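Undergrad: Input file: input37.cif. Contents: mmCIF, C-alpha atoms.
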data_final
loop_
_atom_site.label_atom_id
_atom_site.label_comp_id
_atom_site.auth_asym_id
_atom_site.auth_seq_id
_atom_site.Cartn_x
_atom_site.Cartn_y
_atom_site.Cartn_z
CA MET A 1 -38.10 -112.43 33.69
CA THR A 2 -37.86 -114.71 30.65
CA SER A 3 -37.28 -118.45 30.95
CA VAL A 4 -33.81 -117.96 29.44
CA ASP A 5 -33.01 -115.44 32.19
CA LEU A 6 -34.32 -117.83 34.87
CA PHE A 7 -32.13 -120.68 33.67
CA ALA A 8 -29.12 -118.38 33.59
CA LYS A 9 -29.88 -117.15 37.11
CA TYR A 10 -30.50 -120.49 38.80
CA ASP A 11 -28.13 -122.82 36.94
CA VAL A 12 -25.69 -123.03 39.84
CA PRO A 13 -23.97 -125.95 41.64
CA VAL A 14 -26.56 -127.46 44.00
CA PRO A 15 -26.92 -130.94 45.55
CA ARG A 16 -29.41 -133.48 44.19
CA TYR A 17 -30.53 -134.15 47.79
CA THR A 18 -30.63 -137.92 47.76
CA SER A 19 -29.57 -137.38 51.37
CA TYR A 20 -29.32 -134.56 53.87
CA PRO A 21 -26.68 -133.70 54.80
CA THR A 22 -25.26 -134.48 51.36
CA VAL A 23 -22.20 -136.72 51.18
CA PRO A 24 -19.56 -133.93 50.91
CA GLN A 25 -20.92 -132.47 54.17
CA TRP A 26 -20.76 -135.60 56.28
CA ARG A 27 -18.81 -134.62 59.37
CA THR A 28 -19.39 -137.16 62.18
CA THR A 29 -18.30 -140.55 60.85
CA PRO A 30 -19.51 -143.27 63.23
CA THR A 31 -17.15 -145.72 64.89
CA ALA A 32 -17.83 -149.41 64.27
CA ASP A 33 -19.62 -149.57 67.64
CA GLN A 34 -21.72 -146.48 66.91
CA TRP A 35 -22.69 -147.85 63.49
CA THR A 36 -23.67 -151.20 65.03
CA GLN A 37 -25.75 -149.39 67.65
CA THR A 38 -27.65 -147.40 65.06
CA LEU A 39 -28.38 -150.63 63.16
CA ASP A 40 -29.71 -152.15 66.40
CA ARG A 41 -31.93 -149.12 67.00
CA SER A 42 -33.22 -149.27 63.44
CA CYS A 43 -34.01 -152.99 63.72
CA ALA A 44 -35.96 -152.37 66.94
CA ARG A 45 -38.32 -149.81 65.41
CA PRO A 46 -41.98 -150.77 64.97
CA GLY A 47 -42.57 -152.18 61.51
CA ALA A 48 -38.83 -152.51 60.90
CA ALA A 49 -37.81 -153.96 57.53
CA LEU A 50 -34.57 -154.38 55.62
CA ALA A 51 -33.51 -153.43 52.09
CA VAL A 52 -30.08 -154.39 50.75
CA TYR A 53 -28.15 -152.62 48.01
CA VAL A 54 -25.21 -154.48 46.43
CA HIS A 55 -22.65 -152.54 44.41
CA VAL A 56 -20.98 -154.47 41.60
CA PRO A 57 -18.31 -152.07 40.30
CA PHE A 58 -17.06 -153.95 37.23
CA CYS A 59 -17.60 -152.68 33.67
CA GLU A 60 -15.98 -153.99 30.50
CA SER A 61 -15.66 -150.48 29.04
CA LEU A 62 -15.88 -146.92 30.31
CA CYS A 63 -18.82 -144.71 29.34
CA SER A 64 -17.20 -141.29 29.45
CA PHE A 65 -20.28 -139.54 30.92
CA CYS A 66 -20.51 -141.94 33.88
CA GLY A 67 -20.31 -140.63 37.44
CA CYS A 68 -20.51 -144.04 39.14
CA ASN A 69 -17.75 -145.75 41.09
CA ASN A 70 -16.53 -148.44 38.70
CA VAL A 71 -13.64 -150.73 37.87
CA ILE A 72 -12.91 -151.18 34.15
CA THR A 73 -11.83 -154.75 33.41
CA ARG A 74 -12.49 -157.70 31.13
CA ASP A 75 -11.11 -160.13 33.69
CA HIS A 76 -14.11 -162.21 34.73
CA GLY A 77 -11.89 -164.13 37.11
CA ARG A 78 -12.59 -161.28 39.53
CA GLU A 79 -16.24 -162.30 39.92
CA GLU A 80 -15.94 -165.11 42.47
CA PRO A 81 -13.46 -163.36 44.82
CA TYR A 82 -15.65 -160.26 44.87
CA ILE A 83 -18.77 -162.27 45.70
CA ASP A 84 -16.82 -163.91 48.54
CA LEU A 85 -16.09 -160.42 49.88
CA LEU A 86 -19.73 -159.34 49.65
CA LEU A 87 -20.95 -162.37 51.58
CA ALA A 88 -18.15 -162.02 54.13
CA GLU A 89 -19.15 -158.39 54.68
CA LEU A 90 -22.78 -159.40 55.23
CA ARG A 91 -21.81 -162.15 57.67
CA SER A 92 -19.68 -159.63 59.56
CA TYR A 93 -22.69 -157.33 59.88
CA VAL A 94 -24.92 -160.13 61.15
CA ALA A 95 -22.29 -161.14 63.71
CA ARG A 96 -22.26 -157.59 65.08
CA ALA A 97 -26.01 -156.89 64.75
CA PRO A 98 -27.81 -160.29 64.85
CA ALA A 99 -31.22 -158.59 64.58
CA LEU A 100 -30.45 -157.94 60.88
CA ALA A 101 -30.85 -161.65 60.17
CA ARG A 102 -34.31 -161.65 61.79
CA LEU A 103 -35.59 -158.48 60.14
CA PRO A 104 -38.06 -158.96 57.25
CA PHE A 105 -35.84 -158.75 54.16
CA VAL A 106 -38.11 -157.13 51.58
CA GLN A 107 -35.88 -155.67 48.89
CA LEU A 108 -32.60 -156.52 47.16
CA HIS A 109 -31.17 -154.20 44.53
CA LEU A 110 -28.09 -154.91 42.42
CA GLY A 111 -26.42 -151.80 41.05
CA GLY A 112 -23.10 -150.76 39.64
CA GLY A 113 -21.01 -150.59 37.62
CA THR A 114 -22.54 -153.41 35.65
CA PRO A 115 -24.20 -156.14 37.74
CA THR A 116 -24.64 -158.26 34.61
CA PHE A 117 -20.85 -158.34 34.35
CA LEU A 118 -21.40 -161.36 36.64
CA SER A 119 -22.11 -164.69 34.97
CA PRO A 120 -25.43 -166.46 35.56
CA SER A 121 -23.79 -168.86 38.01
CA ALA A 122 -22.09 -165.98 39.86
CA LEU A 123 -25.40 -164.12 40.14
CA ALA A 124 -27.01 -167.29 41.53
CA THR A 125 -24.21 -167.70 44.07
CA LEU A 126 -24.53 -164.08 45.19
CA VAL A 127 -28.32 -163.98 45.56
CA ASP A 128 -28.54 -167.45 47.12
CA GLY A 129 -25.83 -166.52 49.61
CA ILE A 130 -27.60 -163.33 50.68
CA GLN A 131 -30.96 -165.06 50.95
CA ARG A 132 -29.49 -167.83 53.12
CA ILE A 133 -28.11 -165.28 55.60
CA LEU A 134 -31.18 -163.03 55.80
CA ALA A 135 -34.85 -163.66 56.51
CA VAL A 136 -36.53 -163.28 53.11
CA SER A 137 -40.02 -161.87 53.63
CA THR A 138 -42.47 -164.41 52.23
CA GLY A 139 -44.70 -162.87 49.60
CA ALA A 140 -43.19 -159.40 49.98
CA PHE A 141 -39.64 -159.83 48.68
CA GLU A 142 -38.71 -157.86 45.58
CA GLY A 143 -35.50 -158.10 43.63
CA SER A 144 -34.37 -155.46 41.15
CA ILE A 145 -31.29 -154.98 39.01
CA GLU A 146 -29.63 -152.36 36.83
CA VAL A 147 -28.44 -153.84 33.55
CA ASP A 148 -26.35 -152.89 30.57
CA PRO A 149 -28.24 -154.42 27.61
CA ARG A 150 -24.97 -154.86 25.72
CA VAL A 151 -23.78 -157.58 28.13
CA THR A 152 -27.05 -158.94 29.51
CA THR A 153 -28.12 -162.46 28.56
CA ASP A 154 -31.42 -164.34 28.66
CA GLU A 155 -29.89 -166.82 31.10
CA GLN A 156 -28.93 -164.08 33.56
CA LEU A 157 -32.50 -162.80 33.60
CA GLU A 158 -33.84 -166.33 34.02
CA VAL A 159 -31.55 -167.02 37.00
CA LEU A 160 -32.61 -163.80 38.73
CA GLY A 161 -36.29 -164.24 37.92
CA ALA A 162 -36.23 -167.64 39.61
CA ARG A 163 -34.96 -165.90 42.75
CA GLY A 164 -37.66 -163.28 43.09
CA PHE A 165 -36.40 -160.53 40.80
CA ARG A 166 -39.30 -158.65 39.21
CA ARG A 167 -37.85 -155.25 38.35
CA ILE A 168 -35.23 -154.41 35.78
CA SER A 169 -33.68 -151.06 34.88
CA LEU A 170 -31.93 -150.73 31.54
CA GLY A 171 -29.29 -148.14 30.86
CA VAL A 172 -30.12 -146.53 27.51
CA GLN A 173 -28.98 -142.90 27.84
CA ASP A 174 -29.40 -142.13 24.09
CA VAL A 175 -29.97 -143.98 20.82
CA ASP A 176 -28.30 -141.51 18.43
CA PRO A 177 -25.12 -143.05 16.90
CA GLU A 178 -23.15 -139.80 17.10
CA VAL A 179 -24.06 -139.20 20.74
CA GLN A 180 -23.15 -142.81 21.51
CA ARG A 181 -19.79 -142.30 19.80
CA LEU A 182 -19.06 -139.17 21.80
CA VAL A 183 -19.81 -140.85 25.13
CA ASN A 184 -18.20 -144.20 24.18
CA ARG A 185 -21.36 -146.26 24.55
CA PHE A 186 -22.32 -148.10 21.37
CA GLN A 187 -25.68 -149.76 22.02
CA PRO A 188 -27.95 -150.79 19.14
CA LEU A 189 -31.63 -150.21 19.84
CA GLU A 190 -32.31 -153.81 18.79
CA ARG A 191 -30.24 -155.04 21.73
CA THR A 192 -32.27 -152.94 24.18
CA GLU A 193 -35.50 -154.18 22.57
CA HIS A 194 -34.39 -157.78 23.03
CA VAL A 195 -33.68 -157.38 26.75
CA CYS A 196 -37.01 -155.63 27.33
CA ARG A 197 -38.90 -158.32 25.46
CA THR A 198 -37.09 -161.16 27.22
CA ALA A 199 -37.64 -159.67 30.68
CA ARG A 200 -41.38 -159.37 30.07
CA ALA A 201 -41.59 -162.90 28.69
CA GLN A 202 -39.88 -164.19 31.81
CA GLY A 203 -42.36 -162.48 34.14
CA TYR A 204 -40.61 -159.27 35.13
CA GLU A 205 -43.36 -156.91 36.21
CA SER A 206 -41.58 -153.56 35.82
CA VAL A 207 -39.21 -152.40 33.10
CA ASN A 208 -37.46 -149.07 33.63
CA LEU A 209 -35.33 -147.19 31.10
CA ASP A 210 -32.65 -144.68 32.10
CA LEU A 211 -32.10 -141.71 29.78
CA ILE A 212 -29.75 -138.76 30.13
CA TYR A 213 -30.16 -135.25 28.74
CA GLY A 214 -27.35 -132.75 28.41
CA LEU A 215 -24.85 -135.11 26.76
CA PRO A 216 -22.54 -133.90 23.99
CA GLY A 217 -24.12 -134.03 20.56
CA GLN A 218 -27.72 -133.99 21.79
CA THR A 219 -30.21 -131.61 20.18
CA THR A 220 -33.95 -131.21 20.48
CA ALA A 221 -34.26 -133.21 17.26
CA THR A 222 -32.20 -136.13 18.60
CA MET A 223 -34.19 -136.05 21.85
CA ARG A 224 -37.47 -136.30 19.96
CA ALA A 225 -36.06 -139.30 18.11
CA LEU A 226 -35.00 -140.76 21.45
CA VAL A 227 -38.45 -140.46 23.01
CA ASP A 228 -40.06 -141.97 19.90
CA ALA A 229 -37.72 -144.93 20.20
CA VAL A 230 -38.28 -145.53 23.91
CA LEU A 231 -42.05 -145.20 23.62
CA GLY A 232 -41.86 -148.08 21.18
CA LEU A 233 -40.39 -150.15 24.02
CA ALA A 234 -43.40 -149.34 26.27
CA PRO A 235 -41.47 -149.10 29.57
CA ASP A 236 -43.35 -148.98 32.88
CA ARG A 237 -41.04 -146.25 34.13
CA LEU A 238 -38.44 -143.87 32.80
CA ALA A 239 -35.75 -141.94 34.58
CA VAL A 240 -34.70 -138.88 32.58
CA TYR A 241 -31.59 -137.68 34.36
CA SER A 242 -29.71 -134.46 33.91
CA PHE A 243 -26.09 -135.10 32.91
CA ALA A 244 -24.01 -134.38 35.99
CA ARG A 245 -20.83 -132.84 34.68
CA VAL A 246 -18.21 -133.18 37.43
CA PRO A 247 -14.80 -133.47 35.69
CA TRP A 248 -13.00 -132.68 38.96
CA ILE A 249 -14.37 -136.01 40.24
CA LYS A 250 -14.60 -138.01 36.99
CA PRO A 251 -11.55 -137.27 34.77
CA ALA A 252 -13.07 -139.10 31.78
CA GLN A 253 -15.50 -136.18 31.42
CA ARG A 254 -12.57 -133.87 30.64
CA ARG A 255 -12.57 -135.18 27.09
CA PHE A 256 -15.78 -133.20 26.46
CA ARG A 257 -15.25 -129.66 25.21
CA ASP A 258 -17.34 -126.88 26.73
CA ASP A 259 -18.89 -126.12 23.34
CA GLN A 260 -20.15 -129.72 23.11
CA ILE A 261 -22.14 -129.55 26.33
CA PRO A 262 -25.56 -127.83 26.32
CA THR A 263 -26.19 -125.69 29.40
CA ARG A 264 -28.96 -123.66 31.03
CA ALA A 265 -31.98 -123.00 28.81
CA GLU A 266 -30.46 -124.95 25.92
CA LYS A 267 -30.02 -127.99 28.17
CA ARG A 268 -33.51 -127.70 29.66
CA ALA A 269 -34.95 -127.58 26.15
CA LEU A 270 -33.67 -131.14 25.71
CA TYR A 271 -35.77 -132.31 28.67
CA GLU A 272 -38.76 -130.37 27.38
CA ALA A 273 -38.44 -132.19 24.05
CA VAL A 274 -38.98 -135.47 25.92
CA ARG A 275 -41.59 -134.43 28.45
CA PRO A 276 -44.66 -133.61 26.26
CA PRO A 277 -44.57 -136.86 24.26
CA LEU A 278 -44.31 -138.88 27.48
CA LEU A 279 -47.25 -137.03 29.05
CA ALA A 280 -49.25 -137.42 25.84
CA ALA A 281 -48.56 -141.17 25.96
CA GLY A 282 -50.12 -141.31 29.43
CA TYR A 283 -47.06 -141.23 31.66
CA VAL A 284 -47.15 -139.29 34.93
CA GLU A 285 -44.26 -136.95 35.76
CA ILE A 286 -42.86 -137.74 39.19
CA GLY A 287 -40.36 -135.73 41.15
CA MET A 288 -37.81 -133.91 39.06
CA ASP A 289 -36.68 -136.67 36.68
CA HIS A 290 -39.01 -139.70 36.74
CA PHE A 291 -42.02 -140.77 34.72
CA ALA A 292 -44.31 -143.76 35.26
CA ARG A 293 -47.51 -145.27 33.98
CA PRO A 294 -50.47 -144.35 36.25
CA SER A 295 -50.84 -148.03 37.18
CA ASP A 296 -47.21 -148.33 38.26
CA THR A 297 -46.53 -148.50 42.00
CA LEU A 298 -44.28 -145.43 41.80
CA ALA A 299 -47.08 -143.33 40.32
CA ARG A 300 -49.56 -144.69 42.85
CA ALA A 301 -47.19 -143.86 45.70
CA ALA A 302 -46.78 -140.31 44.40
CA ASP A 303 -50.54 -139.90 44.08
CA ALA A 304 -51.02 -141.14 47.66
CA GLY A 305 -48.32 -138.84 49.05
CA MET A 306 -46.15 -141.86 49.96
CA LEU A 307 -43.24 -141.24 47.59
CA HIS A 308 -39.80 -141.64 49.16
CA ARG A 309 -36.33 -140.53 48.08
CA ASN A 310 -33.02 -142.12 49.01
CA PHE A 311 -29.62 -142.84 47.49
CA MET A 312 -31.23 -144.82 44.68
CA GLY A 313 -33.52 -141.91 43.75
CA TYR A 314 -37.32 -141.89 43.95
CA THR A 315 -38.89 -145.07 45.28
CA GLU A 316 -42.17 -146.29 46.73
CA VAL A 317 -40.36 -148.68 49.10
CA ARG A 318 -39.38 -147.25 52.46
CA THR A 319 -37.57 -149.46 54.96
CA THR A 320 -36.05 -148.66 58.34
CA THR A 321 -32.66 -150.00 57.24
CA LEU A 322 -30.94 -149.77 53.87
CA LEU A 323 -27.78 -151.86 54.08
CA GLY A 324 -25.17 -151.25 51.38
CA LEU A 325 -22.70 -154.03 50.54
CA GLY A 326 -19.67 -153.74 48.32
CA VAL A 327 -17.09 -151.14 47.44
CA SER A 328 -18.40 -147.55 47.87
CA ALA A 329 -21.91 -148.80 48.85
CA ILE A 330 -23.97 -146.47 51.02
CA SER A 331 -26.17 -147.54 53.93
CA GLU A 332 -28.85 -145.59 55.75
CA THR A 333 -30.74 -145.80 59.02
CA PRO A 334 -33.07 -143.14 60.45
CA ASP A 335 -30.20 -141.51 62.33
CA CYS A 336 -27.04 -142.38 60.40
CA TYR A 337 -25.45 -142.59 56.94
CA HIS A 338 -22.53 -144.90 56.18
CA GLN A 339 -20.33 -145.42 53.12
CA ASN A 340 -17.85 -148.21 52.43
CA GLU A 341 -14.30 -147.78 51.17
CA LYS A 342 -14.31 -146.54 47.56
CA VAL A 343 -11.02 -148.13 46.51
CA ILE A 344 -11.52 -151.84 45.88
CA THR A 345 -8.15 -152.92 47.32
CA HIS A 346 -8.87 -151.01 50.55
CA TYR A 347 -12.33 -152.54 50.73
CA GLN A 348 -10.89 -156.02 50.18
CA THR A 349 -8.20 -155.64 52.87
CA ARG A 350 -10.63 -154.47 55.52
CA VAL A 351 -13.33 -157.06 54.79
CA GLN A 352 -10.75 -159.85 54.85
CA ALA A 353 -9.57 -158.53 58.21
CA GLY A 354 -13.13 -158.90 59.54
CA GLU A 355 -13.71 -155.14 59.77
CA ILE A 356 -16.66 -153.01 58.74
CA PRO A 357 -15.05 -151.24 55.73
CA THR A 358 -16.10 -147.70 56.73
CA LEU A 359 -14.81 -144.84 54.61
CA ARG A 360 -17.06 -142.14 56.00
CA GLY A 361 -20.51 -141.51 57.36
CA HIS A 362 -22.60 -139.12 59.37
CA LEU A 363 -24.47 -139.37 62.64
CA LEU A 364 -27.50 -137.13 62.20
CA SER A 365 -28.29 -134.53 64.81
CA ASP A 366 -31.85 -133.59 65.71
CA GLU A 367 -31.52 -130.53 63.49
CA ASP A 368 -30.19 -132.67 60.62
CA ARG A 369 -33.24 -134.94 60.82
CA TRP A 370 -35.60 -131.96 60.97
CA ARG A 371 -34.03 -130.35 57.90
CA ARG A 372 -33.87 -133.70 56.09
CA ASP A 373 -37.63 -134.06 56.50
CA LYS A 374 -38.23 -130.53 55.19
CA ILE A 375 -36.15 -131.18 52.09
CA ALA A 376 -37.66 -134.64 51.53
CA HIS A 377 -41.19 -133.19 51.62
CA LEU A 378 -40.25 -130.60 49.03
CA MET A 379 -38.49 -133.13 46.77
CA THR A 380 -41.31 -135.70 46.87
CA LYS A 381 -44.52 -133.71 47.47
CA PHE A 382 -43.53 -130.29 46.06
CA ARG A 383 -44.75 -128.60 49.22
CA VAL A 384 -43.58 -127.96 52.75
CA GLU A 385 -44.70 -125.85 55.69
CA ALA A 386 -43.10 -122.41 55.62
CA ASP A 387 -40.86 -121.88 58.62
CA ASP A 388 -38.64 -118.81 58.98
CA GLU A 389 -36.42 -120.69 61.42
CA ALA A 390 -35.73 -123.34 58.80
CA LEU A 391 -34.98 -120.89 55.97
CA VAL A 392 -31.23 -120.68 56.38
CA ALA A 393 -30.85 -118.77 53.11
CA GLY A 394 -32.96 -115.94 54.52
CA ARG A 395 -36.28 -114.35 53.75
CA GLU A 396 -34.76 -112.23 51.00
CA THR A 397 -33.83 -115.34 49.00
CA LEU A 398 -37.27 -116.84 49.55
CA ASP A 399 -38.95 -113.65 48.35
CA MET A 400 -36.77 -113.73 45.23
CA LEU A 401 -37.78 -117.33 44.46
CA ILE A 402 -41.43 -116.40 44.92
CA ALA A 403 -41.11 -113.32 42.71
CA ASP A 404 -39.47 -115.44 40.00
CA GLY A 405 -42.27 -118.03 40.12
CA VAL A 406 -40.08 -120.82 41.46
CA LEU A 407 -42.10 -121.04 44.68
CA GLU A 408 -45.54 -120.00 45.85
CA LEU A 409 -46.58 -119.19 49.42
CA HIS A 410 -50.21 -119.57 50.51
CA ASP A 411 -51.58 -120.02 54.01
CA GLY A 412 -48.20 -120.91 55.46
CA LEU A 413 -47.47 -123.56 52.82
CA LEU A 414 -44.60 -123.35 50.33
CA THR A 415 -45.34 -125.12 47.05
CA VAL A 416 -43.38 -125.65 43.84
CA PRO A 417 -45.61 -124.84 40.85
CA ALA A 418 -45.11 -126.47 37.47
CA ALA A 419 -42.99 -123.52 36.29
CA GLY A 420 -40.70 -124.00 39.29
CA ARG A 421 -40.05 -127.73 38.86
CA PRO A 422 -36.80 -127.20 36.88
CA PHE A 423 -35.45 -125.38 39.94
CA LEU A 424 -36.51 -127.86 42.61
CA ARG A 425 -32.94 -128.35 43.79
CA ASN A 426 -32.55 -124.58 44.21
CA ALA A 427 -35.72 -124.47 46.31
CA ALA A 428 -34.53 -127.34 48.52
CA ALA A 429 -31.27 -125.48 49.12
CA LEU A 430 -33.27 -122.93 51.14
CA PHE A 431 -33.23 -125.42 53.99
CA ASP A 432 -29.62 -126.60 53.65
CA ALA A 433 -27.65 -125.28 56.61
CA TYR A 434 -24.40 -126.81 55.34
CA LEU A 435 -24.55 -125.33 51.85
CA GLN A 436 -24.54 -121.81 53.25
CA ASN A 437 -21.01 -122.34 54.59
CA GLU A 438 -19.52 -123.39 51.25
CA ALA A 439 -19.20 -120.01 49.53
CA GLY A 440 -15.81 -119.74 47.84
CA THR A 441 -14.94 -123.42 48.17
CA SER A 442 -13.93 -125.66 45.27
CA PRO A 443 -16.87 -127.12 43.31
CA LEU A 444 -18.69 -130.02 44.97
CA TYR A 445 -21.92 -130.45 43.01
CA SER A 446 -23.18 -130.54 39.46
CA ARG A 447 -25.27 -127.62 38.21
CA SER A 448 -28.95 -127.58 39.04
CA VAL A 449 -30.41 -127.38 35.51
#
How does this structure look as structure tokens?

TA:
Amino acid sequence: MTSVDLFAKYDVPVPRYTSYPTVPQWRTTPTADQWTQTLDRSCARPGAALAVYVHVPFCESLCSFCGCNNVITRDHGREEPYIDLLLAELRSYVARAPALARLPFVQLHLGGGTPTFLSPSALATLVDGIQRILAVSTGAFEGSIEVDPRVTTDEQLEVLGARGFRRISLGVQDVDPEVQRLVNRFQPLERTEHVCRTARAQGYESVNLDLIYGLPGQTTATMRALVDAVLGLAPDRLAVYSFARVPWIKPAQRRFRDDQIPTRAEKRALYEAVRPPLLAAGYVEIGMDHFARPSDTLARAADAGMLHRNFMGYTEVRTTTLLGLGVSAISETPDCYHQNEKVITHYQTRVQAGEIPTLRGHLLSDEDRWRRDKIAHLMTKFRVEADDEALVAGRETLDMLIADGVLELHDGLLTVPAAGRPFLRNAAALFDAYLQNEAGTSPLYSRSV
């Protein structure tokens, strides 16, 4: 079977598996008491540690490709009230689960939206407030932030750097003017260069760039120009994400015509235009969409078999509790997932009422945890023990994946060879007991390629 045939065969809607079960399949939303209890259990585990994710939803303009939960506004008067809500939510958690305030607080990540929508003083208020409530781990704390270079200032980086932030992730997506026009994101390369240079001068230890392939207007030629441009910025890491086209969830994507969007083998060719130059420049390919310098902690974690995957993608940091604050933020403990209200007015009302602003969640069963571990091994290590009981898709599907070169089976171990990496999500679906019950339902996931 040719590569074109393979991409046509396996380019189907499949989860990205940042969790298992995936969010659309969460069925057993915890009560406030159940969620508090799972936090207590997580805090009591040996070696327990805490990571906090803060979702800042505000953006000054809408990038039409974006799949994030955001609020489009130029009203910066919304900053202070939102920070008050975030800190109130955290205090509410600590009141219900006091052990959170004693847990070593090792990681704080600001995501969005656009976290640098917040002014320098607002960022200081937010981070100082969180660090006063929680027990910052001396010598081990790491702050990281996602930034839009178009609205990020030197002063913002300085304020965060003074508070322990050492990692920065810049949204780039593409540098071609026509692609930028089509996705409504006009970002001069010089602006991105300035933010990279400033972050390094201020002592940030890791600079990550986010790219997207599969956007309208992209060609193999534009992708080669993109990789040349980003190599000139010498990032420590790159995330090269597949465009997730989900117009039934994100209406702004409906403005793209089908003939503008590359699919299947044509889309994969865009990734393959980026991959060889990155490998030739010394980067290591990690997982299904990340690259890092061999000296970077992400690459070292992958080499040591310690790579982890959660709602923020691939990471070398694994904590017992990931606490999400803010509208739509997701939290995770070893036996539960939890997501906040996605509508900002609903989130505000519930936080002001002193409630945990639960929208949905999932209490994991023993089988869920077992299957989650199978999928996580495959997504991070490209291998997992073969187990007929776990193969919900059936032996026939497994044999087909092996015959097509997507998987290999030797001595009871399933592995994903290099030729099968584009279909990693398809391989993980072998173990997804929920996905098998979705035949004929409305679309839930983006396509796998």

Undergrad: Residues within 10 Å of (-29.4, -152.1, 30.5), file coordinates, counting only C-alpha atoms: what are they? Give the list as a list in words.

TA: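 Residues with an atom close enough to that point: Thr114, Pro115, Thr116, Ile145, Glu146, Val147, Asp148, Pro149, Arg150, Val151, Thr152, Ile168, Ser169, Leu170, Gly171, Val172, Gln173, Gln187, Arg191, Thr192, Val195, Cys196, Asn208, Leu209 and Asp210 of chain A.
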
Undergrad: So what do you get for atom CA of A:Thr321 versus atom CA of A:Pro334, distance-wise?

TA: 7.6 Å

Undergrad: What would the selection look like, as a short mmCIF file (atom, residue, chain, number, x, y, z; two decimals) with C-alpha atoms, keeping the file's coordinate frame, if the PyMOL selection byres ((chain A and resi 292-294) around 7) were run on the coordinates I just shared?

TA:
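Saved as expr.cif:
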data_model
loop_
_atom_site.label_atom_id
_atom_site.label_comp_id
_atom_site.auth_asym_id
_atom_site.auth_seq_id
_atom_site.Cartn_x
_atom_site.Cartn_y
_atom_site.Cartn_z
CA ASP A 236 -43.35 -148.98 32.88
CA ARG A 237 -41.04 -146.25 34.13
CA LEU A 238 -38.44 -143.87 32.80
CA GLY A 282 -50.12 -141.31 29.43
CA TYR A 283 -47.06 -141.23 31.66
CA VAL A 284 -47.15 -139.29 34.93
CA GLU A 285 -44.26 -136.95 35.76
CA HIS A 290 -39.01 -139.70 36.74
CA PHE A 291 -42.02 -140.77 34.72
CA SER A 295 -50.84 -148.03 37.18
CA ASP A 296 -47.21 -148.33 38.26
CA LEU A 298 -44.28 -145.43 41.80
CA ALA A 299 -47.08 -143.33 40.32
CA ARG A 300 -49.56 -144.69 42.85
#

Undergrad: Enumerate, as a ChimeraX atom specification, the residues matched when the PyMOL selection byres ((chain A and resi 408) around 12) is run on the file above.

TA: /A:382-386,398-407,409-421,427

Undergrad: Can I get the selected residues back with C-alpha atoms, as a PDB file, in the frame of the given file?

TA:
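Writing done, so here's selection.pdb:
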ATOM      1  CA  PHE A 382     -43.530-130.290  46.060  1.00  0.00           C
ATOM      2  CA  ARG A 383     -44.750-128.600  49.220  1.00  0.00           C
ATOM      3  CA  VAL A 384     -43.580-127.960  52.750  1.00  0.00           C
ATOM      4  CA  GLU A 385     -44.700-125.850  55.690  1.00  0.00           C
ATOM      5  CA  ALA A 386     -43.100-122.410  55.620  1.00  0.00           C
ATOM      6  CA  LEU A 398     -37.270-116.840  49.550  1.00  0.00           C
ATOM      7  CA  ASP A 399     -38.950-113.650  48.350  1.00  0.00           C
ATOM      8  CA  MET A 400     -36.770-113.730  45.230  1.00  0.00           C
ATOM      9  CA  LEU A 401     -37.780-117.330  44.460  1.00  0.00           C
ATOM     10  CA  ILE A 402     -41.430-116.400  44.920  1.00  0.00           C
ATOM     11  CA  ALA A 403     -41.110-113.320  42.710  1.00  0.00           C
ATOM     12  CA  ASP A 404     -39.470-115.440  40.000  1.00  0.00           C
ATOM     13  CA  GLY A 405     -42.270-118.030  40.120  1.00  0.00           C
ATOM     14  CA  VAL A 406     -40.080-120.820  41.460  1.00  0.00           C
ATOM     15  CA  LEU A 407     -42.100-121.040  44.680  1.00  0.00           C
ATOM     16  CA  LEU A 409     -46.580-119.190  49.420  1.00  0.00           C
ATOM     17  CA  HIS A 410     -50.210-119.570  50.510  1.00  0.00           C
ATOM     18  CA  ASP A 411     -51.580-120.020  54.010  1.00  0.00           C
ATOM     19  CA  GLY A 412     -48.200-120.910  55.460  1.00  0.00           C
ATOM     20  CA  LEU A 413     -47.470-123.560  52.820  1.00  0.00           C
ATOM     21  CA  LEU A 414     -44.600-123.350  50.330  1.00  0.00           C
ATOM     22  CA  THR A 415     -45.340-125.120  47.050  1.00  0.00           C
ATOM     23  CA  VAL A 416     -43.380-125.650  43.840  1.00  0.00           C
ATOM     24  CA  PRO A 417     -45.610-124.840  40.850  1.00  0.00           C
ATOM     25  CA  ALA A 418     -45.110-126.470  37.470  1.00  0.00           C
ATOM     26  CA  ALA A 419     -42.990-123.520  36.290  1.00  0.00           C
ATOM     27  CA  GLY A 420     -40.700-124.000  39.290  1.00  0.00           C
ATOM     28  CA  ARG A 421     -40.050-127.730  38.860  1.00  0.00           C
ATOM     29  CA  ALA A 427     -35.720-124.470  46.310  1.00  0.00           C
TER      30      ALA A 427
END

Undergrad: From the options A:Asp154, A:Glu396, A:Glu80, A:Asp33, which residue's atoms come nearest to A:Ala97, counting only C-alpha atoms?

TA: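 Checking each candidate against A:Ala97, we get A:Asp33 as the closest.
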
Undergrad: Would you kindly translate the PyMOL selection byres ((chain A and resi 49) around 12) into the concrete residues it picks from this file, as a PyMOL selection string?

TA: chain A and resi 39+42-48+50-52+99-108+134-137+140-141+317-323+333

Undergrad: When distances are computed from all atoms listed in the file, which of A:Thr22, A:Gly67, A:Arg163, A:Val56 shows the smallest separation from A:Phe117?

TA: A:Val56

Undergrad: Report as a PyMOL selection string all protein, DNA and RNA residues lying within 9 Å of A:Arg245, evaluated on only C-alpha atoms, omitting residues in the same chain fewer than 4 positions from it.

TA: chain A and resi 65+67+250+253+445-447
